[in-house]
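Chemist: To be precise about what I am sending: the file is called structure13.tsv and holds TSV, C-alpha atoms and all ligand atoms.
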```tsv
chain	number	residue	atom	x	y	z
A	117	MET	CA	0.00	0.00	0.00
A	118	SER	CA	1.19	3.49	-0.69
A	119	ALA	CA	0.63	6.18	1.96
A	120	LEU	CA	1.62	8.80	-0.61
A	121	ARG	CA	-1.09	7.64	-3.01
A	122	ASP	CA	-3.77	8.17	-0.33
A	123	GLN	CA	-2.31	11.55	0.55
A	124	LEU	CA	-2.23	12.64	-3.10
A	125	ILE	CA	-5.83	11.49	-3.67
A	126	ASP	CA	-6.94	13.71	-0.74
A	127	GLU	CA	-4.90	16.66	-1.98
A	128	LEU	CA	-6.09	16.37	-5.58
A	129	ALA	CA	-9.74	16.14	-4.44
A	130	THR	CA	-9.33	19.65	-3.01
A	131	SER	CA	-6.82	21.29	-5.31
A	132	GLY	CA	-7.56	19.71	-8.72
A	133	PRO	CA	-5.07	17.97	-11.04
A	134	MET	CA	-1.29	18.40	-10.79
A	135	MET	CA	1.27	18.48	-13.61
A	136	LEU	CA	2.96	15.12	-14.28
A	137	GLU	CA	6.27	16.80	-13.42
A	138	ALA	CA	5.02	17.72	-9.92
A	139	PHE	CA	3.68	14.18	-9.43
A	140	MET	CA	7.01	12.60	-10.43
A	141	ALA	CA	8.92	14.93	-8.08
A	142	ARG	CA	6.62	14.05	-5.16
A	143	ALA	CA	6.74	10.31	-5.89
A	144	LEU	CA	10.54	10.25	-5.97
A	145	THR	CA	11.59	12.87	-3.45
A	146	ASP	CA	8.68	13.69	-1.09
A	147	PRO	CA	10.53	14.31	2.22
A	148	THR	CA	8.53	11.59	4.03
A	149	HIS	CA	7.18	9.15	1.45
A	150	GLY	CA	9.41	9.73	-1.61
A	151	TYR	CA	10.87	6.64	-3.29
A	152	TYR	CA	14.50	7.72	-2.83
A	153	VAL	CA	13.81	8.82	0.75
A	154	GLN	CA	12.19	5.65	2.07
A	155	ARG	CA	13.23	2.72	-0.15
A	156	GLN	CA	16.48	0.84	-0.72
A	157	PRO	CA	16.22	0.63	-4.51
A	158	PHE	CA	19.32	-1.36	-5.50
A	159	GLY	CA	19.63	-5.11	-5.86
A	160	ARG	CA	19.93	-7.88	-8.40
A	161	ALA	CA	16.87	-9.68	-9.75
A	162	ALA	CA	18.64	-13.04	-9.40
A	163	GLU	CA	19.20	-12.37	-5.70
A	164	ASN	CA	15.61	-11.25	-5.31
A	165	GLY	CA	16.61	-7.87	-4.03
A	166	GLY	CA	15.73	-4.23	-4.70
A	167	ASP	CA	13.90	-2.76	-7.67
A	168	PHE	CA	16.71	-2.28	-10.20
A	169	THR	CA	20.45	-2.57	-10.58
A	170	THR	CA	22.97	-0.24	-12.17
A	171	ALA	CA	26.32	-0.57	-13.95
A	172	PRO	CA	28.55	0.06	-10.90
A	173	GLU	CA	26.49	-2.47	-8.91
A	174	ILE	CA	26.84	-5.04	-11.72
A	175	SER	CA	30.64	-4.96	-11.82
A	176	GLN	CA	33.62	-3.23	-10.25
A	177	MET	CA	35.05	-2.95	-13.80
A	178	PHE	CA	32.70	-0.05	-14.57
A	179	GLY	CA	34.04	2.15	-11.75
A	180	GLU	CA	37.62	1.04	-12.28
A	181	LEU	CA	37.64	2.06	-15.94
A	182	ILE	CA	36.02	5.39	-15.10
A	183	GLY	CA	38.56	5.85	-12.29
A	184	ALA	CA	41.39	5.37	-14.79
A	185	TRP	CA	39.59	7.85	-17.12
A	186	CYS	CA	39.48	10.43	-14.30
A	187	ALA	CA	43.12	9.92	-13.27
A	188	ASP	CA	44.31	10.18	-16.87
A	189	LEU	CA	42.26	13.34	-17.47
A	190	TRP	CA	43.46	14.99	-14.25
A	191	HIS	CA	47.05	14.22	-15.22
A	192	ARG	CA	46.65	15.74	-18.69
A	193	MET	CA	44.74	18.74	-17.22
A	194	GLY	CA	48.08	19.72	-15.67
A	195	GLN	CA	47.56	17.96	-12.32
A	196	PRO	CA	45.69	20.75	-10.50
A	197	GLU	CA	46.72	20.64	-6.82
A	198	ALA	CA	43.12	20.80	-5.64
A	199	PHE	CA	40.13	19.78	-7.71
A	200	CYS	CA	36.54	18.71	-7.18
A	201	LEU	CA	35.79	15.08	-8.00
A	202	ALA	CA	32.00	15.20	-7.97
A	203	GLU	CA	29.20	12.72	-8.50
A	204	LEU	CA	25.51	13.43	-8.95
A	205	GLY	CA	23.14	10.85	-7.43
A	206	PRO	CA	25.79	8.40	-6.18
A	207	GLY	CA	23.34	5.71	-4.97
A	208	ARG	CA	25.22	3.34	-2.70
A	209	GLY	CA	28.53	5.13	-3.36
A	210	THR	CA	29.88	2.12	-5.27
A	211	LEU	CA	30.95	4.00	-8.42
A	212	MET	CA	32.82	6.72	-6.54
A	213	ALA	CA	34.47	4.17	-4.19
A	214	ASP	CA	35.70	2.15	-7.22
A	215	VAL	CA	36.84	5.35	-8.96
A	216	VAL	CA	38.83	6.49	-5.91
A	217	ARG	CA	40.37	3.02	-5.45
A	218	ALA	CA	41.37	2.64	-9.11
A	219	ALA	CA	42.72	6.19	-9.35
A	220	SER	CA	44.86	5.71	-6.25
A	221	VAL	CA	47.59	4.36	-8.57
A	222	LEU	CA	48.35	8.09	-8.87
A	223	PRO	CA	48.87	9.12	-5.21
A	224	ALA	CA	49.01	12.80	-6.22
A	225	PHE	CA	45.48	12.42	-7.69
A	226	THR	CA	44.20	11.07	-4.37
A	227	LYS	CA	45.84	13.97	-2.54
A	228	ALA	CA	44.38	16.58	-4.88
A	229	ALA	CA	40.85	15.14	-5.12
A	230	GLU	CA	38.09	16.62	-2.95
A	231	VAL	CA	35.14	14.25	-3.23
A	232	HIS	CA	31.76	16.03	-3.47
A	233	LEU	CA	28.49	14.13	-3.69
A	234	VAL	CA	25.13	15.61	-4.70
A	235	GLU	CA	22.52	13.43	-3.01
A	236	ILE	CA	18.96	14.06	-1.90
A	237	SER	CA	18.34	10.86	0.06
A	238	PRO	CA	19.33	10.79	3.77
A	239	SER	CA	19.47	6.99	3.85
A	240	LEU	CA	21.68	6.78	0.74
A	241	ARG	CA	23.94	9.52	2.15
A	242	HIS	CA	24.39	7.28	5.18
A	243	LEU	CA	25.49	4.35	2.98
A	244	GLN	CA	27.79	6.64	0.95
A	245	LYS	CA	29.45	7.89	4.15
A	246	GLN	CA	30.43	4.34	5.07
A	247	LYS	CA	32.34	3.96	1.79
A	248	LEU	CA	33.53	7.56	1.43
A	249	PRO	CA	33.97	8.97	4.95
A	250	HIS	CA	35.81	12.12	3.80
A	251	ALA	CA	33.34	13.22	1.14
A	252	HIS	CA	31.30	16.44	1.24
A	253	TRP	CA	27.55	16.33	0.56
A	254	HIS	CA	25.31	18.77	-1.30
A	255	ASP	CA	21.56	19.02	-1.83
A	256	ASP	CA	22.08	20.28	-5.38
A	257	VAL	CA	24.80	21.40	-7.79
A	258	SER	CA	24.62	25.08	-6.78
A	259	THR	CA	26.96	24.66	-3.78
A	260	LEU	CA	29.79	22.73	-5.48
A	261	PRO	CA	33.12	24.50	-4.79
A	262	ALA	CA	34.71	26.87	-7.33
A	263	LEU	CA	37.52	24.47	-8.28
A	264	PRO	CA	38.46	22.65	-11.49
A	265	MET	CA	36.04	19.75	-11.62
A	266	ILE	CA	35.61	16.23	-12.94
A	267	VAL	CA	31.97	15.29	-12.50
A	268	LEU	CA	30.27	11.93	-12.98
A	269	ALA	CA	26.58	11.14	-13.25
A	270	ASN	CA	25.41	7.58	-13.82
A	271	GLU	CA	21.64	7.01	-13.99
A	272	PHE	CA	21.04	10.40	-12.36
A	273	PHE	CA	19.38	12.43	-15.11
A	274	ASP	CA	16.74	9.75	-15.77
A	275	VAL	CA	15.16	10.27	-12.34
A	276	LEU	CA	14.69	14.02	-12.76
A	277	PRO	CA	10.99	14.87	-13.20
A	278	ILE	CA	9.68	15.18	-16.73
A	279	GLN	CA	6.61	16.86	-18.16
A	280	GLN	CA	4.75	15.31	-21.10
A	281	TYR	CA	2.68	17.18	-23.70
A	282	ARG	CA	0.34	15.56	-26.20
A	283	LYS	CA	-0.18	17.18	-29.57
A	284	ALA	CA	-3.92	17.60	-30.24
A	285	GLU	CA	-5.93	19.49	-32.86
A	286	SER	CA	-6.42	22.22	-30.25
A	287	GLY	CA	-2.66	22.56	-29.48
A	288	TRP	CA	-0.26	20.98	-26.98
A	289	LEU	CA	-2.01	19.48	-23.95
A	290	PRO	CA	0.03	19.02	-20.76
A	291	ILE	CA	-0.42	15.58	-19.18
A	292	MET	CA	-1.62	15.88	-15.59
A	293	VAL	CA	-2.44	13.54	-12.72
A	294	ASP	CA	-5.88	13.58	-11.06
A	295	GLN	CA	-7.98	11.30	-8.81
A	296	ARG	CA	-11.18	9.47	-9.64
A	297	ASP	CA	-13.05	6.73	-7.71
A	298	GLY	CA	-10.26	6.33	-5.17
A	299	ALA	CA	-7.47	5.95	-7.76
A	300	LEU	CA	-4.97	8.20	-9.50
A	301	CYS	CA	-5.40	8.73	-13.24
A	302	PHE	CA	-3.91	10.72	-16.11
A	303	VAL	CA	-5.90	13.64	-17.53
A	304	ASP	CA	-5.20	16.24	-20.20
A	305	GLY	CA	-4.67	19.84	-19.11
A	306	ALA	CA	-5.92	22.88	-21.01
A	307	PRO	CA	-4.17	23.57	-24.35
A	308	LEU	CA	-1.08	25.73	-23.96
A	309	ALA	CA	-0.89	29.21	-25.40
A	310	ALA	CA	1.69	29.38	-28.21
A	311	ALA	CA	4.19	31.23	-25.99
A	312	GLU	CA	4.13	28.39	-23.45
A	313	LEU	CA	4.94	25.62	-25.94
A	314	PRO	CA	7.68	23.32	-24.72
A	315	SER	CA	10.93	24.42	-26.33
A	316	GLN	CA	11.69	20.86	-27.45
A	317	ALA	CA	8.27	20.38	-29.08
A	318	LEU	CA	9.27	18.80	-32.33
A	319	PRO	CA	8.19	20.75	-35.39
A	320	MET	CA	7.45	17.45	-37.16
A	321	ALA	CA	5.27	16.02	-34.34
A	322	GLN	CA	1.98	14.46	-35.47
A	323	ILE	CA	-1.41	14.71	-33.78
A	324	GLY	CA	-1.38	12.23	-30.88
A	325	ASP	CA	2.40	12.35	-30.39
A	326	ILE	CA	3.83	12.86	-26.91
A	327	VAL	CA	6.82	15.08	-26.31
A	328	GLU	CA	8.74	15.12	-23.02
A	329	THR	CA	10.61	18.00	-21.43
A	330	CYS	CA	12.78	17.99	-18.33
A	331	ALA	CA	13.24	21.44	-16.83
A	332	ALA	CA	15.20	20.00	-13.89
A	333	ALA	CA	17.75	18.33	-16.18
A	334	ASN	CA	18.14	21.53	-18.20
A	335	HIS	CA	18.67	23.47	-14.98
A	336	VAL	CA	21.34	21.05	-13.65
A	337	MET	CA	23.14	21.04	-17.01
A	338	THR	CA	23.13	24.83	-17.27
A	339	HIS	CA	24.60	25.10	-13.79
A	340	LEU	CA	27.27	22.46	-14.38
A	341	ALA	CA	28.22	23.93	-17.74
A	342	ASP	CA	28.60	27.43	-16.28
A	343	HIS	CA	30.77	25.98	-13.51
A	344	LEU	CA	32.97	24.06	-15.97
A	345	ALA	CA	33.29	27.07	-18.27
A	346	ARG	CA	34.46	29.21	-15.31
A	347	CYS	CA	36.64	26.73	-13.37
A	348	GLY	CA	37.67	24.18	-16.05
A	349	GLY	CA	37.15	20.44	-16.24
A	350	ALA	CA	34.74	17.91	-17.68
A	351	ALA	CA	31.51	16.02	-16.96
A	352	LEU	CA	30.76	12.42	-17.91
A	353	ILE	CA	27.06	11.59	-18.06
A	354	ILE	CA	25.94	8.01	-18.58
A	355	ASP	CA	22.29	7.05	-18.78
A	356	TYR	CA	19.69	5.57	-21.07
A	357	GLY	CA	17.96	7.80	-23.49
A	358	TYR	CA	17.93	9.19	-26.97
A	359	ALA	CA	21.00	10.59	-28.68
A	360	GLN	CA	18.58	12.58	-30.86
A	361	ALA	CA	15.37	14.08	-29.54
A	362	ALA	CA	12.33	12.06	-30.56
A	363	ALA	CA	8.62	12.03	-29.81
A	364	GLY	CA	7.41	9.18	-27.58
A	365	ASP	CA	6.26	8.24	-24.13
A	366	SER	CA	9.23	6.96	-22.10
A	367	PHE	CA	7.77	7.49	-18.61
A	368	GLN	CA	8.04	4.20	-16.73
A	369	ALA	CA	7.90	2.66	-13.26
A	370	LEU	CA	10.03	-0.22	-12.03
A	371	GLN	CA	9.39	-2.28	-8.92
A	372	LYS	CA	11.18	-5.53	-8.08
A	373	HIS	CA	12.69	-5.54	-11.60
A	374	GLN	CA	9.23	-5.47	-13.24
A	375	PHE	CA	7.48	-2.65	-15.08
A	376	VAL	CA	4.45	-1.52	-13.09
A	377	ASP	CA	1.72	1.13	-13.39
A	378	PRO	CA	3.44	4.43	-12.41
A	379	LEU	CA	0.26	5.68	-10.69
A	380	ALA	CA	-0.46	2.52	-8.66
A	381	ALA	CA	1.86	3.04	-5.72
A	382	PRO	CA	3.82	6.32	-5.81
A	383	GLY	CA	6.82	6.23	-3.47
A	384	MET	CA	7.11	2.43	-3.81
A	385	ALA	CA	8.38	2.23	-7.43
A	386	ASP	CA	11.23	3.94	-9.25
A	387	LEU	CA	9.95	6.38	-11.87
A	388	THR	CA	12.21	7.27	-14.80
A	389	ALA	CA	12.18	8.66	-18.31
A	390	HIS	CA	14.64	8.60	-21.19
A	391	VAL	CA	17.27	11.32	-21.06
A	392	ASN	CA	17.31	13.79	-23.95
A	393	PHE	CA	21.09	13.82	-24.49
A	394	GLU	CA	20.87	16.04	-27.54
A	395	GLN	CA	19.20	18.76	-25.48
A	396	LEU	CA	21.78	18.48	-22.65
A	397	GLN	CA	24.63	18.66	-25.15
A	398	LYS	CA	23.09	21.71	-26.80
A	399	ILE	CA	22.86	23.52	-23.45
A	400	ALA	CA	26.50	22.73	-22.63
A	401	MET	CA	27.69	23.99	-26.01
A	402	GLN	CA	25.60	27.17	-25.66
A	403	CYS	CA	27.48	27.76	-22.38
A	404	GLY	CA	30.78	27.56	-24.28
A	405	LEU	CA	31.78	23.95	-23.59
A	406	THR	CA	33.06	21.42	-26.13
A	407	SER	CA	31.49	18.00	-26.51
A	408	PRO	CA	32.48	14.92	-28.53
A	409	PRO	CA	29.69	13.04	-30.33
A	410	ILE	CA	27.35	11.17	-27.96
A	411	CYS	CA	28.36	7.50	-27.97
A	412	GLN	CA	27.16	4.18	-26.61
A	413	GLN	CA	28.26	2.73	-23.28
A	414	GLY	CA	29.52	-0.49	-24.88
A	415	GLY	CA	31.88	1.29	-27.26
A	416	PHE	CA	33.08	3.69	-24.58
A	417	LEU	CA	33.92	0.97	-22.02
A	418	THR	CA	35.56	-1.19	-24.69
A	419	ALA	CA	37.72	1.76	-25.78
A	420	LEU	CA	38.78	2.23	-22.15
A	421	GLY	CA	39.92	-1.41	-21.94
A	422	LEU	CA	36.93	-3.38	-20.62
A	423	ASP	CA	38.06	-6.62	-22.29
A	424	ILE	CA	41.60	-6.30	-21.00
A	425	ARG	CA	40.34	-5.60	-17.46
A	426	ALA	CA	37.98	-8.60	-17.64
A	427	GLN	CA	40.85	-10.85	-18.79
A	428	SER	CA	43.07	-9.67	-15.97
A	429	LEU	CA	40.35	-10.27	-13.36
A	430	ILE	CA	39.77	-13.75	-14.82
A	431	GLN	CA	43.49	-14.51	-14.56
A	432	SER	CA	43.50	-13.67	-10.85
A	433	ALA	CA	40.23	-15.54	-10.17
A	434	PRO	CA	39.78	-18.27	-12.85
A	435	GLU	CA	36.93	-19.84	-10.88
A	436	LYS	CA	34.92	-16.67	-11.54
A	437	ALA	CA	35.56	-16.60	-15.32
A	438	GLY	CA	31.90	-17.24	-16.22
A	439	GLN	CA	30.61	-14.55	-13.88
A	440	ILE	CA	33.15	-11.95	-15.03
A	441	ALA	CA	32.42	-12.65	-18.70
A	442	ALA	CA	28.68	-12.33	-18.01
A	443	GLU	CA	29.23	-9.00	-16.23
A	444	ARG	CA	31.30	-7.77	-19.15
A	445	ASP	CA	28.47	-8.69	-21.53
A	446	ARG	CA	25.86	-7.06	-19.32
A	447	LEU	CA	27.77	-3.76	-19.47
A	448	ALA	CA	28.76	-3.77	-23.13
A	449	ALA	CA	26.76	-6.21	-25.28
A	450	PRO	CA	24.48	-4.46	-27.80
A	451	ASP	CA	21.36	-6.32	-26.62
A	452	GLN	CA	22.10	-5.58	-22.96
A	453	MET	CA	23.28	-2.16	-21.68
A	454	GLY	CA	25.83	-1.60	-24.45
A	455	HIS	CA	23.61	0.25	-26.92
A	456	LEU	CA	20.70	1.55	-24.82
A	457	PHE	CA	23.02	3.42	-22.46
A	458	LYS	CA	24.67	6.51	-23.90
A	459	VAL	CA	27.69	8.55	-22.88
A	460	LEU	CA	27.68	12.33	-23.07
A	461	ALA	CA	30.89	14.14	-22.17
A	462	VAL	CA	31.24	17.91	-22.00
A	463	ALA	CA	34.40	19.85	-21.23
A	464	SER	CA	35.80	23.34	-20.88
A	465	GLN	CA	37.64	24.77	-23.90
A	466	ASP	CA	41.04	24.36	-22.17
A	467	CYS	CA	40.41	20.71	-21.26
A	468	PRO	CA	42.57	18.13	-23.07
A	469	PRO	CA	40.85	15.54	-25.35
A	470	LEU	CA	38.74	13.01	-23.46
A	471	ALA	CA	39.85	9.37	-23.57
A	472	GLY	CA	37.54	6.81	-25.17
A	473	LEU	CA	35.55	9.43	-27.07
A	474	ALA	CA	35.95	10.73	-30.59
A	475	GLY	CA	37.26	14.28	-31.21
A	476	SER	CA	35.27	17.18	-29.80
A	477	ALA	CA	32.73	19.15	-31.81
A	478	GLN	CA	32.73	22.89	-31.03
B	1	LIG	N1	24.46	6.56	-9.62
B	1	LIG	C1	23.97	5.47	-8.83
B	1	LIG	C2	22.52	5.62	-8.41
B	1	LIG	C3	21.48	5.90	-9.46
B	1	LIG	S1	19.85	6.03	-8.76
B	1	LIG	C4	24.24	4.16	-9.54
B	1	LIG	O1	24.58	4.18	-10.71
B	1	LIG	O2	24.12	3.12	-8.92
B	1	LIG	C5	19.61	7.78	-8.65
B	1	LIG	C6	20.38	8.49	-7.55
B	1	LIG	O3	20.05	9.88	-7.60
B	1	LIG	C7	20.08	8.07	-6.12
B	1	LIG	O4	21.26	8.19	-5.35
B	1	LIG	C8	19.03	9.09	-5.67
B	1	LIG	O5	18.87	9.20	-4.29
B	1	LIG	C9	19.60	10.34	-6.31
B	1	LIG	N2	18.63	11.41	-6.56
B	1	LIG	C10	17.39	11.28	-7.06
B	1	LIG	N3	16.83	12.51	-7.24
B	1	LIG	C11	17.76	13.41	-6.86
B	1	LIG	C12	17.79	14.83	-6.82
B	1	LIG	N4	16.75	15.55	-7.23
B	1	LIG	N5	18.92	15.44	-6.38
B	1	LIG	C13	19.98	14.70	-5.97
B	1	LIG	N6	20.02	13.35	-5.98
B	1	LIG	C14	18.92	12.71	-6.42
```
I'd like the structure from this file rewritten - as structure tokens, please.
Modeler:
Amino acid sequence: MSALRDQLIDELATSGPMMLEAFMARALTDPTHGYYVQRQPFGRAAENGGDFTTAPEISQMFGELIGAWCADLWHRMGQPEAFCLAELGPGRGTLMADVVRAASVLPAFTKAAEVHLVEISPSLRHLQKQKLPHAHWHDDVSTLPALPMIVLANEFFDVLPIQQYRKAESGWLPIMVDQRDGALCFVDGAPLAAAELPSQALPMAQIGDIVETCAAANHVMTHLADHLARCGGAALIIDYGYAQAAAGDSFQALQKHQFVDPLAAPGMADLTAHVNFEQLQKIAMQCGLTSPPICQQGGFLTALGLDIRAQSLIQSAPEKAGQIAAERDRLAAPDQMGHLFKVLAVASQDCPPLAGLAGSAQ
């Protein structure tokens, strides 16, 4: 049962429908009943745990390769004596802990790195503190220190609240959430005036098409990009989504590794939507950053040496060869995470070329 669902039904009965975006924000981050506030989301289906799993939880190789990427970049950035190694939405802290461990081959990197974590969930902050006792925590990106920065975000942007609009004869209708007969339901809002049209509304959209916008993602990207343009550095964003903006409904809910109705039990299921990488890249470039073409996770990890790392782990633990090979496939195979997950990197103009990615577009 979902306490938040009952609360929302009462609220909507008095106040009328709410925008989908407001619903998604409440379901994920309501201070008492929000999904990321009250649930422990991570776990593997095979072990019957959690609601979903992520690349760093699948294999240490993911964080190790990204750790080597960070150490190499820092070295070629001229080894700044103090820099901000930041992560947005670090979950259980596994990625950052693997990054810090792998990068410790360069002791000067470890000395220079100030670890900063942007995390909304008190219970996940607690877990992160166990793995990263010296880190600094932030509620949002606005308080990150004015230092050169390497920032990581894995499966962070997909949880930021989206708004959907449906193209109708009468114009663009915002999708809203209302209550009826003791349940939550989707309803159409009033058509938008032309000036309010979502900026990403596709000119070629057909009647009936749904377009998604994510003001929160645009806001985070603008802030990060301004920071990188001022202080120098790069951001590596990995998530699932479209490399080119497209119409379509990608709003989904996941509970115990199954897709469920997103309105059935808010606060109990993870709600996500595809990330519009093209839009995020455009914002970064408008702020003066460079960005190589968006690529797929499989190609990126392979370019960083995933196969070599897997071989070396197998050599030290031959009894785990099957498991390590399966983890490698999970991360990189085209029919697993390899193609669906995309990599967007953005960097300040003075940043050296980024490993594993093709040359930067201006
Ligand atoms: N990066 C991790 C976790 C991904 S889940 C991994 O790959 O395993 C999303 C993470 O973002 C969680 O840590 C969640 O608590 C955090 N989060 C969700 N909404 C947030 C927000 N608005 N601001 C900051 N962190 C948020």
Chemist: Ranking A:Arg208, A:His149, A:Arg282, A:His343 by minimum distance to ligand LIG 1 (chain B) and counting all atoms listed in the file, which one comes first?
Modeler: A:Arg208
Chemist: Calculate how many Å separate atom CA of Gln123 of chain A from atom CA of Arg296 of chain A, rounding to one decimal.
Modeler: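 We find that atom CA of Gln123 of chain A and atom CA of Arg296 of chain A lie 13.7 Å from each other.
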Chemist: Extract, using only C-alpha atoms, all DNA, RNA and protein residues at most 8 Å from segment 332-342 of chain A, discarding same-chain residues fewer than 2 positions from it, and format them as a list in words.
Modeler: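 Residues near the query, excluding close chain neighbours: Val257, Ser258, Phe273, Leu276, Pro277, Ile278, Cys330, Leu344, Ala345, Arg346, Gln395, Leu396, Ile399, Ala400, Cys403, Gly404, Leu405 and Val462 of chain A.
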Chemist: Please define a box with edges along x, y and z of the file around all atoms of segment 454-467 of chain A given in the file, extend it by 8 Å on each side, and return its centre and edge lengths in Å to one decimal, as lines of an AutoDock Vina configuration file.
Modeler:
```
center_x = 30.9
center_y = 11.6
center_z = -23.9
size_x = 36.3
size_y = 42.4
size_z = 22.0
```
Chemist: When the cut-off is 7 Å and you count all atoms listed in the file, which residues lie near ligand LIG 1 (chain B), shown as a count of residues only?
Modeler: 28
Chemist: From the block I gave, I'd like segment 387-439 of chain A written with C-alpha atoms, as a short mmCIF file (atom, residue, chain, number, x, y, z; two decimals), in the first residue's frame.
Modeler:
```cif
data_model
loop_
_atom_site.label_atom_id
_atom_site.label_comp_id
_atom_site.auth_asym_id
_atom_site.auth_seq_id
_atom_site.Cartn_x
_atom_site.Cartn_y
_atom_site.Cartn_z
CA LEU A 387 9.95 6.38 -11.87
CA THR A 388 12.21 7.27 -14.80
CA ALA A 389 12.18 8.66 -18.31
CA HIS A 390 14.64 8.60 -21.19
CA VAL A 391 17.27 11.32 -21.06
CA ASN A 392 17.31 13.79 -23.95
CA PHE A 393 21.09 13.82 -24.49
CA GLU A 394 20.87 16.04 -27.54
CA GLN A 395 19.20 18.76 -25.48
CA LEU A 396 21.78 18.48 -22.65
CA GLN A 397 24.63 18.66 -25.15
CA LYS A 398 23.09 21.71 -26.80
CA ILE A 399 22.86 23.52 -23.45
CA ALA A 400 26.50 22.73 -22.63
CA MET A 401 27.69 23.99 -26.01
CA GLN A 402 25.60 27.17 -25.66
CA CYS A 403 27.48 27.76 -22.38
CA GLY A 404 30.78 27.56 -24.28
CA LEU A 405 31.78 23.95 -23.59
CA THR A 406 33.06 21.42 -26.13
CA SER A 407 31.49 18.00 -26.51
CA PRO A 408 32.48 14.92 -28.53
CA PRO A 409 29.69 13.04 -30.33
CA ILE A 410 27.35 11.17 -27.96
CA CYS A 411 28.36 7.50 -27.97
CA GLN A 412 27.16 4.18 -26.61
CA GLN A 413 28.26 2.73 -23.28
CA GLY A 414 29.52 -0.49 -24.88
CA GLY A 415 31.88 1.29 -27.26
CA PHE A 416 33.08 3.69 -24.58
CA LEU A 417 33.92 0.97 -22.02
CA THR A 418 35.56 -1.19 -24.69
CA ALA A 419 37.72 1.76 -25.78
CA LEU A 420 38.78 2.23 -22.15
CA GLY A 421 39.92 -1.41 -21.94
CA LEU A 422 36.93 -3.38 -20.62
CA ASP A 423 38.06 -6.62 -22.29
CA ILE A 424 41.60 -6.30 -21.00
CA ARG A 425 40.34 -5.60 -17.46
CA ALA A 426 37.98 -8.60 -17.64
CA GLN A 427 40.85 -10.85 -18.79
CA SER A 428 43.07 -9.67 -15.97
CA LEU A 429 40.35 -10.27 -13.36
CA ILE A 430 39.77 -13.75 -14.82
CA GLN A 431 43.49 -14.51 -14.56
CA SER A 432 43.50 -13.67 -10.85
CA ALA A 433 40.23 -15.54 -10.17
CA PRO A 434 39.78 -18.27 -12.85
CA GLU A 435 36.93 -19.84 -10.88
CA LYS A 436 34.92 -16.67 -11.54
CA ALA A 437 35.56 -16.60 -15.32
CA GLY A 438 31.90 -17.24 -16.22
CA GLN A 439 30.61 -14.55 -13.88
#
```
